Amino acid sequence: MVPYGGVKIAQNVNMKPEDIDWNGMWNEALKKAPKKDNKQRWDKIAHKFNEWMKTDDYPQNLAEKIHKEPNYTVLDLGCGNGSVTLRVAENVKHVTAVDMSGEMLELVKKNAKERGIENLSYVQSSVEDLDPEAVGQHDVVIASRSLGGIYNLKEELKKVDNLASKYVYMTIWGANAREFEKELCSVMGTQYHQHPDYIYVCNMLYQLGIYANVEILDCESRPMYCDLEDVMDRCSWKLGWNTKKIEDEEKKKLENFLKTNAVKKEDGTLDYPTNNPDWVLLWWKK
Ligand SMILES: C[S@@+](CC[C@H](N)C(=O)[O-])C[C@H]1O[C@@H](n2cnc3c(N)ncnc32)[C@H](O)[C@@H]1O
């Protein structure tokens with residue numbers, strides 16, 4: 001018997017990779033994960049996210065990995081504020097930016113205007129509700145940090161693959177840098193549930209006959225916080241605590257922990273050395 005996620009399962013050495021229900025395991029793990037991806041949640045945080053991305057090296061890092069040609073059309077699923085989208089748009093013919101959050105799409109429009117980028121169109125939709133016939137096939141499909149909250153992901157992966165004619169790039173949580181979240185949960189006395197990560201997605205893709213390249217992105221920017229209120233706010237959001245009432249006593253514990261462990265930078269911002277970025281890029285050529 002092998003423990004898996006707190007449950008004992010019988011190990012059958014005759015099992016094959018295709019016999020494992022990765023999609024079911026993903027769904028179960030997602031149910032336990034603290035934060036839920038929904039439109040309201042992203043609408044609410046959109047403007048802050050736009051600020052955070054200004055000092056984050058992830059968008060540049062990912063944009064450099066994407067194959068771009070001047071005649072390419074690109075579909076960016078869950079484009080957020082456009083930090084990756086606009087970098088790609090500068091080097092291709094056209095980008096269709098899709099996001100379920102209207103606030104995020106407004107930010108892409110604003111950011112594109114500021115940078116004089118005009119080769120974009122916009123679709124407000126979740127990945128799940130997206131009509132492949134209406135949106136059509138694109139040379140490149142990107143889904144950057146946007147698939148992590150989707151139930152029955154295997155179906156959507158099939159859809160994402162079908163939407164691309166040349167390349168697909170997606171990033172999913174890695175498994176490494178969860179120390180900070182674990183620490184926060186232990187301080188708050190809440191159980192830590194790891195968000196399902198790239199290994200589930202790799203295996204679902206494999207089961208679909210898609211043998212993706214796997215690369216851990218080498219991002220360095222950790223979130224920097226302007227003050228204690230900012231870090232309290234953002235951590236509560238990240239771990240889904242802003243949707244439940246935090247008792248004063250718990251709040252004090254969290255505040256103490258965040259005060260004690262903060263490293264103050266020269267510019268006054270707060271840094272937490274265990275709060276590392278961890279994204280895995282899965283990409284394939286068709
Ligand atoms: C972490 S942000 C990533 C934004 C951008 N792709 C990037 O990497 O900078 C996640 C974005 O995906 C969007 N999103 C999350 N789940 C989605 C879904 N199922 N369908 C469409 N958009 C989704 C959110 O609204 C948000 O704008």
# chains A, B, ... in the order shown; residues from 1 in each chain; ligands from 1

call {"tool": "residues_near_ligand", "arguments": {"ligand": "ligand 1", "cutoff": "6 Å", "atoms": "only C-alpha atoms and all ligand atoms", "output": "ChimeraX atom specification"}}
result
/A:37,39,42,59,78-80,83-84,99-101,104,125-127,144-147,149-150

call {"tool": "residues_around", "arguments": {"residues": "Pro277 of chain A", "least_positions_apart": "5", "cutoff": "12 Å", "atoms": "only C-alpha atoms", "output": "PyMOL selection string"}}
result
chain A and resi 56-58+145+172-181+216-224+272

call {"tool": "closest_atom_pairs", "arguments": {"of": "segment 184-222 of chain A", "to": "segment 226-239 of chain A", "cutoff": "12 Å", "atoms": "only C-alpha atoms", "output": "CSV"}}
result
residue,atom,partner,partner_atom,distance
A:Leu184,CA,A:Cys235,CA,8.3
A:Cys185,CA,A:Leu239,CA,8.5
A:Met188,CA,A:Ser236,CA,10.6
A:Thr190,CA,A:Leu239,CA,10.2
A:Gln191,CA,A:Leu239,CA,11.1
A:Tyr192,CA,A:Leu239,CA,9.5
A:His193,CA,A:Leu239,CA,9.9
A:Gln194,CA,A:Leu239,CA,10.7
A:His195,CA,A:Leu239,CA,10.3

call {"tool": "select_by_dssp", "arguments": {"residues": "segment 228-274 of chain A", "states": "strand (DSSP E or B)", "output": "list in words"}}
result
Val263, Lys264, Leu270 and Asp271 of chain A

call {"tool": "closest_atom_pairs", "arguments": {"of": "segment 53-154 of chain A", "to": "segment 24-29 of chain A", "cutoff": "8 Å", "atoms": "only C-alpha atoms", "output": "JSON lines"}}
result
{"residue": "A:Tyr151", "atom": "CA", "partner": "A:Asn27", "partner_atom": "CA", "distance": 5.6}
{"residue": "A:Asn152", "atom": "CA", "partner": "A:Asn27", "partner_atom": "CA", "distance": 6.5}
{"residue": "A:Leu153", "atom": "CA", "partner": "A:Trp26", "partner_atom": "CA", "distance": 7.9}

call {"tool": "write_last_selection", "arguments": {"atoms": "N, CA and C atoms", "output": "PDB file, in the first residue's frame"}}
result
ATOM      1  N   TYR A 151     -11.754  22.339 -13.702  1.00  0.00           N
ATOM      2  CA  TYR A 151     -12.115  20.933 -13.448  1.00  0.00           C
ATOM      3  C   TYR A 151     -12.222  20.199 -14.784  1.00  0.00           C
ATOM      4  N   ASN A 152     -12.013  18.905 -14.737  1.00  0.00           N
ATOM      5  CA  ASN A 152     -12.026  18.077 -15.955  1.00  0.00           C
ATOM      6  C   ASN A 152     -11.093  18.661 -17.012  1.00  0.00           C
ATOM      7  N   LEU A 153      -9.902  18.924 -16.566  1.00  0.00           N
ATOM      8  CA  LEU A 153      -8.927  19.606 -17.411  1.00  0.00           C
ATOM      9  C   LEU A 153      -8.598  18.826 -18.687  1.00  0.00           C
TER      10      LEU A 153
END

call {"tool": "closest_residue", "arguments": {"among": "A:Lys253, A:Lys154, A:Lys259, A:Lys285", "to": "Asp21 of chain A", "atoms": "only C-alpha atoms"}}
result
A:Lys154
